[in-house]
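Have a look at the structure below, then the notes.
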Amino acid sequence: MTAADPAAVARAVRDLPVRADLAGRQPYGAPQFDVPVRLNTNENPYPPSAAVVADIVAAAADVASGLNRYPDRDAVELRSALADYLGHGLTVANTWAANGSNEIIQQVLQAFGGPGRSALGFEPSYSMHPLITQTTATRWIAAERTSDFSLDAEQAAATIRRHEPDLVFLTSPNNPTGSATPLDVVETVCATAPGMVVVDEAYAEFARNRSATALALLPRFPRLIVVRTMSKAFALAGARVGYLAADPAVVGALQLVRLPYHLSAVTQAVALAALRHSTELLSCVSTIREERDALVRNLRALGLTAPVSDANFVLFGRFADRHGVWQALLDRGVLIRETGPPEWLRVTIGTPAETATFLAELKGVLDGSAAVVQP
Ligand SMILES: Cc1ncc(COP(=O)(O)O)c(C=O)c1O
């Protein structure tokens, strides 16, 4: 079956009485091409082992006989397992889970954003923050990072004081730059922001200093929300499990907007089974970190600029025609991501073989090409 022609669908959408503030907007659309090397959506390249798969299948089979009933609406067992995984003295009352951290972010915006309210983020950052903000009819305020993509605490505080947003988004490690946000910057933002502060820690497990997590600030800042996901380090992107840690009152507020039974019994069982194997699932993280640091060195050896990354991807550039480089790589069977500031591209850390192929093909693309902009 072939998908409908996107251009024809876009024209047909224009004839529908869609909300005026959505008119002309583009849906999220990272390409999903079936090519040999896919390094564009920051997935974990290591599939679950046969033992983990067997446990997931058994867990799903176990709940299958009860699928005539709705699932646990409050996902208590899962939230309690997530709290145990996070540590920091967190309990089930501090956690909430949903279908991916994108749904968590949507629920947060539904509860704390909305018409007449605003959310501020420091760009370049995760493209879904503004997109979900706008789909919840919240105004997006794009603030800037410094030229090396970092955040200056005083500058960030001044920006927040100027705009007084209802929500502030921080992403640490940041997508697409890979940079971790120092805890003192998060602390300054929490102390300054008049509303909620969301720290998106989707890539926390890949960070060099894993103890520098905003989870440590939760006892001091009751309006802080730390968002995590099982899509990255846990290698569970296909299961769609995201979660947050926050004050119990925040979790209470989210109950006002969550749909009843939003997290299926199968999803809850699969996530619980994966959490039982967390040591094994997370064992690939150190390999990915080593591969990432080696890739930064190899990209620099090619004469490119590649900032240090704390995530499972690397931003690199700069290119006069980044689309040309992206397309040439795709033509050679390597899909990476055209995202972030102009002149830059982002590549996810794959298996050693995938990374080697990416580097070899990139060399081929760059040889004899005038695409690289000298730093
Ligand atoms: C910073 C950040 N947050 C959240 C997400 C969403 O992840 P998921 O909805 O799979 O949990 C992503 C996905 O790439 C991301 O990069």
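Every chain in the structure tokens has a letter given in the order shown (A, B, ...), and although residue numbers restart at 1 in each chain, ligands are simply numbered from 1 in the order shown.
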Could you build a table of the residues in range 210-308 of chain A lying no more than 7 Å from range 58-63 of chain A, giving for each the nearest pair of atoms and their separation in Å rounded to one decimal place, using only C-alpha atoms, ordered by chain and ascending residue number, as a Markdown table?
| residue | atom | partner | partner_atom | distance |
| --- | --- | --- | --- | --- |
| A:Ala265 | CA | A:Val63 | CA | 6.7 |
| A:Val266 | CA | A:Ala60 | CA | 5.6 |
| A:Ala269 | CA | A:Ala59 | CA | 5.7 |
| A:Val270 | CA | A:Ala59 | CA | 6.4 |
| A:Ala273 | CA | A:Ala59 | CA | 6.5 |
message: Taking only C-alpha atoms and all ligand atoms into account, which residues have an atom no farther than 8 Å from ligand 1? I'd like them as a VMD selection string.
response: chain A and resid 41 to 43 99 to 103 125 to 126 128 171 to 176 200 to 203 227 to 232 237 240 to 243
field: Contacts of Leu329 in chain A within 12 Å, only C-alpha atoms, excl. fewer than 6 positions in-chain, as a PyMOL selection string
entry: chain A and resi 35-40+322-323+335-338+345+347+357-366
Restrict the selected residues to N, CA and C atoms and save them as a JSON list (two decimals), in the first residue's frame.
[["chain", "number", "residue", "atom", "x", "y", "z"],
["A", 35, "VAL", "N", 17.18, 2.61, 4.23],
["A", 35, "VAL", "CA", 18.54, 2.59, 3.65],
["A", 35, "VAL", "C", 19.44, 1.76, 4.57],
["A", 36, "PRO", "N", 20.60, 1.34, 4.07],
["A", 36, "PRO", "CA", 21.44, 0.44, 4.89],
["A", 36, "PRO", "C", 21.89, 1.05, 6.22],
["A", 37, "VAL", "N", 22.20, 2.35, 6.26],
["A", 37, "VAL", "CA", 22.73, 2.94, 7.50],
["A", 37, "VAL", "C", 21.83, 4.11, 7.93],
["A", 38, "ARG", "N", 21.08, 3.89, 9.00],
["A", 38, "ARG", "CA", 20.13, 4.93, 9.44],
["A", 38, "ARG", "C", 20.63, 5.55, 10.75],
["A", 39, "LEU", "N", 21.10, 6.79, 10.63],
["A", 39, "LEU", "CA", 21.71, 7.47, 11.78],
["A", 39, "LEU", "C", 21.06, 8.84, 11.93],
["A", 40, "ASN", "N", 19.72, 8.89, 11.86],
["A", 40, "ASN", "CA", 19.09, 10.22, 11.83],
["A", 40, "ASN", "C", 18.14, 10.53, 12.98],
["A", 322, "ARG", "N", 24.76, 22.33, 3.16],
["A", 322, "ARG", "CA", 24.58, 21.13, 4.00],
["A", 322, "ARG", "C", 23.59, 20.16, 3.38],
["A", 323, "HIS", "N", 22.59, 20.69, 2.67],
["A", 323, "HIS", "CA", 21.62, 19.79, 2.04],
["A", 323, "HIS", "C", 22.31, 18.92, 0.99],
["A", 335, "LEU", "N", 21.79, 7.64, 5.98],
["A", 335, "LEU", "CA", 20.80, 8.68, 6.31],
["A", 335, "LEU", "C", 21.20, 9.35, 7.62],
["A", 336, "ILE", "N", 21.50, 10.66, 7.56],
["A", 336, "ILE", "CA", 21.75, 11.40, 8.79],
["A", 336, "ILE", "C", 20.70, 12.52, 8.86],
["A", 337, "ARG", "N", 20.87, 13.49, 9.76],
["A", 337, "ARG", "CA", 19.80, 14.48, 9.97],
["A", 337, "ARG", "C", 20.24, 15.89, 9.61],
["A", 338, "GLU", "N", 19.38, 16.51, 8.81],
["A", 338, "GLU", "CA", 19.59, 17.90, 8.43],
["A", 338, "GLU", "C", 18.80, 18.72, 9.44],
["A", 345, "LEU", "N", 25.22, 19.56, 10.34],
["A", 345, "LEU", "CA", 24.46, 18.31, 10.22],
["A", 345, "LEU", "C", 24.63, 17.52, 11.51],
["A", 347, "VAL", "N", 24.68, 13.57, 13.28],
["A", 347, "VAL", "CA", 24.74, 12.12, 13.02],
["A", 347, "VAL", "C", 24.62, 11.38, 14.35],
["A", 357, "THR", "N", 31.19, 3.10, 8.15],
["A", 357, "THR", "CA", 30.62, 3.34, 6.82],
["A", 357, "THR", "C", 30.30, 4.82, 6.64],
["A", 358, "PHE", "N", 29.69, 5.42, 7.68],
["A", 358, "PHE", "CA", 29.37, 6.85, 7.61],
["A", 358, "PHE", "C", 30.63, 7.66, 7.33],
["A", 359, "LEU", "N", 31.70, 7.39, 8.08],
["A", 359, "LEU", "CA", 32.94, 8.17, 7.93],
["A", 359, "LEU", "C", 33.55, 7.98, 6.53],
["A", 360, "ALA", "N", 33.54, 6.72, 6.08],
["A", 360, "ALA", "CA", 34.12, 6.45, 4.75],
["A", 360, "ALA", "C", 33.32, 7.17, 3.66],
["A", 361, "GLU", "N", 31.99, 7.11, 3.77],
["A", 361, "GLU", "CA", 31.16, 7.76, 2.75],
["A", 361, "GLU", "C", 31.28, 9.28, 2.84],
["A", 362, "LEU", "N", 31.38, 9.80, 4.07],
["A", 362, "LEU", "CA", 31.53, 11.25, 4.22],
["A", 362, "LEU", "C", 32.84, 11.71, 3.57],
["A", 363, "LYS", "N", 33.90, 10.94, 3.80],
["A", 363, "LYS", "CA", 35.19, 11.26, 3.18],
["A", 363, "LYS", "C", 35.03, 11.31, 1.66],
["A", 364, "GLY", "N", 34.32, 10.31, 1.14],
["A", 364, "GLY", "CA", 34.07, 10.26, -0.31],
["A", 364, "GLY", "C", 33.33, 11.49, -0.79],
["A", 365, "VAL", "N", 32.34, 11.92, -0.02],
["A", 365, "VAL", "CA", 31.54, 13.09, -0.41],
["A", 365, "VAL", "C", 32.41, 14.35, -0.38],
["A", 366, "LEU", "N", 33.25, 14.43, 0.65],
["A", 366, "LEU", "CA", 34.03, 15.67, 0.83],
["A", 366, "LEU", "C", 35.22, 15.77, -0.11]]
Would you mind listing, for every residue of range 194-258 of chain A within 9 Å of range 141-165 of chain A, the two atoms forming the shortest contact and the distance between them in Å to one decimal, using only C-alpha atoms, sorted by chain and ascending residue number, as a tab-separated table?
residue	atom	partner	partner_atom	distance
A:Pro194	CA	A:Glu164	CA	6.3
A:Gly195	CA	A:Pro165	CA	6.9
A:Met196	CA	A:Pro165	CA	8.7
query: Leaving out range 73-88 of chain A and any residue of its chain fewer than 4 positions from it, which residues lie within 10 Å of it when counting only C-alpha atoms, given as a PyMOL selection string?
result: chain A and resi 92-98+215-219+228+243-245+255+258-265+267-273+275-276+278
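The residue that comes closest to Asp34 in chain A, out of A:Leu16, A:Val373, A:Val186, A:Leu330 and on the basis of only C-alpha atoms, is A:Leu330.
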- prompt: CA of Glu290 in chain A and CA of Gly317 in chain A, how far apart in Å?
  reply: 20.7 Å
